[in-house]
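What follows is a set of notes on a single structure, which appears directly below.
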Amino acid sequence: MCSSQPSQAIAHCGKVRTARDAQDAVHAANVIICAVTAEQTLAAARAIAPSLPPDSYFVDLNSVSPGVKQQAARIVHAGQGRYVEAAVMSAFPAKRLAVPMYLGGPHAAGFLGIAQALGFTGAVVFADQIGPAAAAKMCRSIIIKGMEALILESMLTARHYSVDQFVLESLADLLPAPDWPALSHYMISRAMLHGRRRSEEMNEACRTVKAAQLVPIMSSAIAQRQAWAAEHSMVAKQDTLQQLLDAVRQRIAGTQV
């Protein structure tokens, strides 16, 4: 089984070449998949655009605003690459390569067959323009990352007042779910483990909302809470929701939540 750490995985996974740098990594490649944190999207495109082989596909999986996707496309198209916008529309670990993926841009249709051959069975052409797929992704992220932030803030406060069980029971009555404690534990721990990346993504959501001529009141707050959650990632791995909440509250004792 391959290691979860890329540097360790190379030694065990086979058919993986160690590159000297980004330019060397894309040498002779016909498909380049770019999956970095939101803040590094344009830097990644600039780093390799001049070295892209002729007519190679640059598949941008990054969770960024439509405007940033369009900037990345201009960078790639200034060289010899073919930019493909890609928006992953569900959690990757559960479905892996079958995860729903929206493809966009003038080269999306040309890349679809390659994507399916690579095992991306959930890939579909969403638009022949660059931006709509990212817009769909960002609007979805406001809901999902917002739920994480809301549950985190609500449950930590409820635990302080020793009413967390009552709140969970009320939620189960109002919004039926198979297991609200398990769902809350999952969402809170995910926010803590991935809060930095989620915060960057929500900053991109803010840009998306602003471009729609709205003030990103909620998206901005979600970005802040996700960043805060990341500061407590060292206690994220707890067996139960109560243990997780208590571990976080121990860390923030005497400070403002």
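Quick note on naming: the chains in the structure tokens go A, B, ... in the order shown, residues restart at 1 in each chain, and ligands are numbered from 1 in order of appearance.
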Practice prompt. Return as a ChimeraX atom specification the full set of residues in range 105-200 of chain A whose backbone-based DSSP assignment is strand (DSSP E or B).
Written response: /A:123-127
Output the selection as a PDB file, in the first residue's frame - N, CA and C atoms for each residue.
```pdb
ATOM      1  N   ALA A 123     -16.666  12.250 -14.054  1.00  0.00           N
ATOM      2  CA  ALA A 123     -16.393  13.488 -14.785  1.00  0.00           C
ATOM      3  C   ALA A 123     -17.444  13.729 -15.862  1.00  0.00           C
ATOM      4  N   VAL A 124     -17.898  14.971 -15.968  1.00  0.00           N
ATOM      5  CA  VAL A 124     -18.844  15.376 -17.010  1.00  0.00           C
ATOM      6  C   VAL A 124     -18.439  16.757 -17.500  1.00  0.00           C
ATOM      7  N   VAL A 125     -18.768  17.052 -18.744  1.00  0.00           N
ATOM      8  CA  VAL A 125     -18.551  18.402 -19.264  1.00  0.00           C
ATOM      9  C   VAL A 125     -19.681  19.280 -18.748  1.00  0.00           C
ATOM     10  N   PHE A 126     -19.325  20.282 -17.971  1.00  0.00           N
ATOM     11  CA  PHE A 126     -20.315  21.149 -17.334  1.00  0.00           C
ATOM     12  C   PHE A 126     -20.593  22.396 -18.167  1.00  0.00           C
ATOM     13  N   ALA A 127     -19.535  22.945 -18.767  1.00  0.00           N
ATOM     14  CA  ALA A 127     -19.694  24.159 -19.570  1.00  0.00           C
ATOM     15  C   ALA A 127     -18.511  24.280 -20.519  1.00  0.00           C
TER      16      ALA A 127
END
```
Which polymer residues have any atom within 10 Å of an atom of range 83-99 of chain A, counting only C-alpha atoms, with same-chain residues fewer than 5 positions away left out, as number ranges by chain?
A: 32-34, 45, 55-64, 66, 69-70, 72-77, 104-112, 115-116, 118-138, 140-141, 144
Here CA of Val36 in chain A and CA of Ser65 in chain A stand apart by 14.1 Å
Dump as a tab-separated table the rows for residues of range 60-176 of chain A within 9 Å of range 240-251 of chain A: closest atom pair and distance in Å with one decimal, only C-alpha atoms counted, ordered by chain and rising residue number.
```
residue	atom	partner	partner_atom	distance
A:Leu152	CA	A:Leu245	CA	8.7
A:Met155	CA	A:Leu245	CA	7.4
A:Leu156	CA	A:Leu245	CA	5.9
A:Arg159	CA	A:Leu245	CA	6.9
A:His160	CA	A:Arg249	CA	7.9
A:Asp164	CA	A:Gln242	CA	8.6
```
Would you mind exporting N, CA and C atoms of the selected residues as an mmCIF file, in the first residue's frame?
```
data_model
loop_
_atom_site.group_PDB
_atom_site.id
_atom_site.type_symbol
_atom_site.label_atom_id
_atom_site.label_comp_id
_atom_site.auth_asym_id
_atom_site.auth_seq_id
_atom_site.Cartn_x
_atom_site.Cartn_y
_atom_site.Cartn_z
ATOM 1 N N LEU A 152 -19.452 23.432 14.693
ATOM 2 C CA LEU A 152 -18.332 23.626 15.619
ATOM 3 C C LEU A 152 -18.661 24.683 16.660
ATOM 4 N N MET A 155 -21.733 23.491 18.962
ATOM 5 C CA MET A 155 -21.453 22.382 19.876
ATOM 6 C C MET A 155 -20.461 22.759 20.980
ATOM 7 N N LEU A 156 -19.468 23.582 20.627
ATOM 8 C CA LEU A 156 -18.538 24.032 21.666
ATOM 9 C C LEU A 156 -19.255 24.879 22.709
ATOM 10 N N ARG A 159 -21.548 22.598 24.768
ATOM 11 C CA ARG A 159 -20.774 21.798 25.720
ATOM 12 C C ARG A 159 -20.393 22.624 26.945
ATOM 13 N N HIS A 160 -20.084 23.889 26.735
ATOM 14 C CA HIS A 160 -19.761 24.784 27.853
ATOM 15 C C HIS A 160 -20.927 24.871 28.830
ATOM 16 N N ASP A 164 -25.263 20.071 25.314
ATOM 17 C CA ASP A 164 -24.968 19.547 23.986
ATOM 18 C C ASP A 164 -25.882 18.388 23.598
#
```
Contacts of Cys206 in chain A within 7 Å, only C-alpha atoms, excl. fewer than 4 positions in-chain, as a CSV table (one decimal) with C-alpha atoms, in the first residue's frame:
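After the write, around_2.csv holds the following:
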```csv
chain,number,residue,atom,x,y,z
A,202,MET,CA,-13.7,30.3,1.7
A,210,LYS,CA,-18.4,39.8,-4.3
A,216,PRO,CA,-19.9,38.0,1.7
A,219,SER,CA,-18.6,33.4,3.7
A,220,SER,CA,-16.2,35.8,5.5
```
### Task
Considering only C-alpha atoms, return as a ChimeraX atom specification whatever protein or nucleic-acid residues lie within 8 Å of Arg197 in chain A, sequence-local ones (same chain, fewer than 4 positions apart) excluded.
/A:37-38,201
Exercise. With a distance cut-off of 12 Å and only C-alpha atoms, select the neighbouring residues of Glu169 in chain A, excluding the residue or stretch itself and same-chain residues fewer than 6 positions from it, and output the selection as a list in words.
Key: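 Close residues of Glu169 in chain A: Val163, Leu175, Pro176, Ala177, Pro178, Asp179, Trp180 and Pro181 of chain A.
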Checklist entry - Nearest to Asn30 in chain A: which of A:Gln80, A:Thr18, A:Ser184, A:Gln165 is it, counting only C-alpha atoms? => result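 Using only C-alpha atoms, Asn30 in chain A sits closest to A:Gln80.
CA of Pro50 in chain A is found 8.8 Å from CA of Gly81 in chain A.
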Among range 37-104 of chain A, which residues does DSSP mark as alpha helix (DSSP H) when it is run on the backbone? Keep the chain and numbering as in the structure and answer as a list in words.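 In range 37-104 of chain A, DSSP puts these residues in alpha helix (DSSP H): Thr41, Leu42, Ala43, Ala44, Ala45, Arg46, Ala47, Ile48, Pro66, Gly67, Val68, Lys69, Gln70, Gln71, Ala72, Ala73, Arg74, Ile75, Val76, His77, Phe92, Pro93, Ala94 and Lys95 of chain A.
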Now that the selection is made, can you save its residues with N, CA and C atoms as a PDB file, in the first residue's frame?
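Ended up saving to out.pdb:
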```pdb
ATOM      1  N   THR A  41      -2.679  28.534  -6.415  1.00  0.00           N
ATOM      2  CA  THR A  41      -3.177  28.179  -7.744  1.00  0.00           C
ATOM      3  C   THR A  41      -2.446  28.910  -8.864  1.00  0.00           C
ATOM      4  N   LEU A  42      -2.390  30.219  -8.775  1.00  0.00           N
ATOM      5  CA  LEU A  42      -1.754  30.994  -9.845  1.00  0.00           C
ATOM      6  C   LEU A  42      -0.246  30.788  -9.858  1.00  0.00           C
ATOM      7  N   ALA A  43       0.346  30.657  -8.680  1.00  0.00           N
ATOM      8  CA  ALA A  43       1.792  30.411  -8.617  1.00  0.00           C
ATOM      9  C   ALA A  43       2.136  29.093  -9.296  1.00  0.00           C
ATOM     10  N   ALA A  44       1.307  28.079  -9.085  1.00  0.00           N
ATOM     11  CA  ALA A  44       1.549  26.776  -9.714  1.00  0.00           C
ATOM     12  C   ALA A  44       1.433  26.882 -11.230  1.00  0.00           C
ATOM     13  N   ALA A  45       0.435  27.601 -11.700  1.00  0.00           N
ATOM     14  CA  ALA A  45       0.262  27.766 -13.149  1.00  0.00           C
ATOM     15  C   ALA A  45       1.449  28.510 -13.752  1.00  0.00           C
ATOM     16  N   ARG A  46       1.885  29.569 -13.080  1.00  0.00           N
ATOM     17  CA  ARG A  46       3.023  30.339 -13.600  1.00  0.00           C
ATOM     18  C   ARG A  46       4.303  29.506 -13.600  1.00  0.00           C
ATOM     19  N   ALA A  47       4.443  28.623 -12.609  1.00  0.00           N
ATOM     20  CA  ALA A  47       5.675  27.853 -12.471  1.00  0.00           C
ATOM     21  C   ALA A  47       5.904  26.906 -13.638  1.00  0.00           C
ATOM     22  N   ILE A  48       4.826  26.385 -14.209  1.00  0.00           N
ATOM     23  CA  ILE A  48       5.014  25.357 -15.238  1.00  0.00           C
ATOM     24  C   ILE A  48       4.491  25.733 -16.608  1.00  0.00           C
ATOM     25  N   PRO A  66     -14.262  31.662  -9.796  1.00  0.00           N
ATOM     26  CA  PRO A  66     -14.252  31.697 -11.255  1.00  0.00           C
ATOM     27  C   PRO A  66     -13.197  32.652 -11.810  1.00  0.00           C
ATOM     28  N   GLY A  67     -13.025  33.793 -11.155  1.00  0.00           N
ATOM     29  CA  GLY A  67     -12.042  34.758 -11.622  1.00  0.00           C
ATOM     30  C   GLY A  67     -10.621  34.224 -11.593  1.00  0.00           C
ATOM     31  N   VAL A  68     -10.280  33.490 -10.542  1.00  0.00           N
ATOM     32  CA  VAL A  68      -8.934  32.922 -10.443  1.00  0.00           C
ATOM     33  C   VAL A  68      -8.754  31.816 -11.477  1.00  0.00           C
ATOM     34  N   LYS A  69      -9.789  31.010 -11.703  1.00  0.00           N
ATOM     35  CA  LYS A  69      -9.708  29.993 -12.754  1.00  0.00           C
ATOM     36  C   LYS A  69      -9.445  30.641 -14.110  1.00  0.00           C
ATOM     37  N   GLN A  70     -10.110  31.749 -14.364  1.00  0.00           N
ATOM     38  CA  GLN A  70      -9.928  32.431 -15.645  1.00  0.00           C
ATOM     39  C   GLN A  70      -8.521  33.004 -15.775  1.00  0.00           C
ATOM     40  N   GLN A  71      -7.968  33.510 -14.661  1.00  0.00           N
ATOM     41  CA  GLN A  71      -6.586  33.992 -14.683  1.00  0.00           C
ATOM     42  C   GLN A  71      -5.626  32.842 -14.963  1.00  0.00           C
ATOM     43  N   ALA A  72      -5.846  31.711 -14.300  1.00  0.00           N
ATOM     44  CA  ALA A  72      -4.986  30.543 -14.508  1.00  0.00           C
ATOM     45  C   ALA A  72      -5.053  30.077 -15.960  1.00  0.00           C
ATOM     46  N   ALA A  73      -6.245  30.120 -16.528  1.00  0.00           N
ATOM     47  CA  ALA A  73      -6.401  29.705 -17.925  1.00  0.00           C
ATOM     48  C   ALA A  73      -5.603  30.602 -18.859  1.00  0.00           C
ATOM     49  N   ARG A  74      -5.622  31.903 -18.592  1.00  0.00           N
ATOM     50  CA  ARG A  74      -4.855  32.823 -19.448  1.00  0.00           C
ATOM     51  C   ARG A  74      -3.355  32.531 -19.356  1.00  0.00           C
ATOM     52  N   ILE A  75      -2.895  32.198 -18.164  1.00  0.00           N
ATOM     53  CA  ILE A  75      -1.475  31.870 -17.974  1.00  0.00           C
ATOM     54  C   ILE A  75      -1.111  30.625 -18.772  1.00  0.00           C
ATOM     55  N   VAL A  76      -1.950  29.599 -18.666  1.00  0.00           N
ATOM     56  CA  VAL A  76      -1.673  28.338 -19.363  1.00  0.00           C
ATOM     57  C   VAL A  76      -1.774  28.514 -20.877  1.00  0.00           C
ATOM     58  N   HIS A  77      -2.790  29.233 -21.320  1.00  0.00           N
ATOM     59  CA  HIS A  77      -2.989  29.398 -22.760  1.00  0.00           C
ATOM     60  C   HIS A  77      -1.951  30.321 -23.397  1.00  0.00           C
ATOM     61  N   PHE A  92     -13.749  13.509  -1.639  1.00  0.00           N
ATOM     62  CA  PHE A  92     -12.985  12.564  -2.447  1.00  0.00           C
ATOM     63  C   PHE A  92     -12.817  11.189  -1.795  1.00  0.00           C
ATOM     64  N   PRO A  93     -12.517  11.091  -0.488  1.00  0.00           N
ATOM     65  CA  PRO A  93     -12.193   9.766   0.075  1.00  0.00           C
ATOM     66  C   PRO A  93     -13.273   8.710  -0.124  1.00  0.00           C
ATOM     67  N   ALA A  94     -14.541   9.101  -0.088  1.00  0.00           N
ATOM     68  CA  ALA A  94     -15.614   8.111  -0.172  1.00  0.00           C
ATOM     69  C   ALA A  94     -15.701   7.469  -1.553  1.00  0.00           C
ATOM     70  N   LYS A  95     -15.650   8.281  -2.612  1.00  0.00           N
ATOM     71  CA  LYS A  95     -15.847   7.773  -3.973  1.00  0.00           C
ATOM     72  C   LYS A  95     -14.554   7.718  -4.780  1.00  0.00           C
TER      73      LYS A  95
END
```
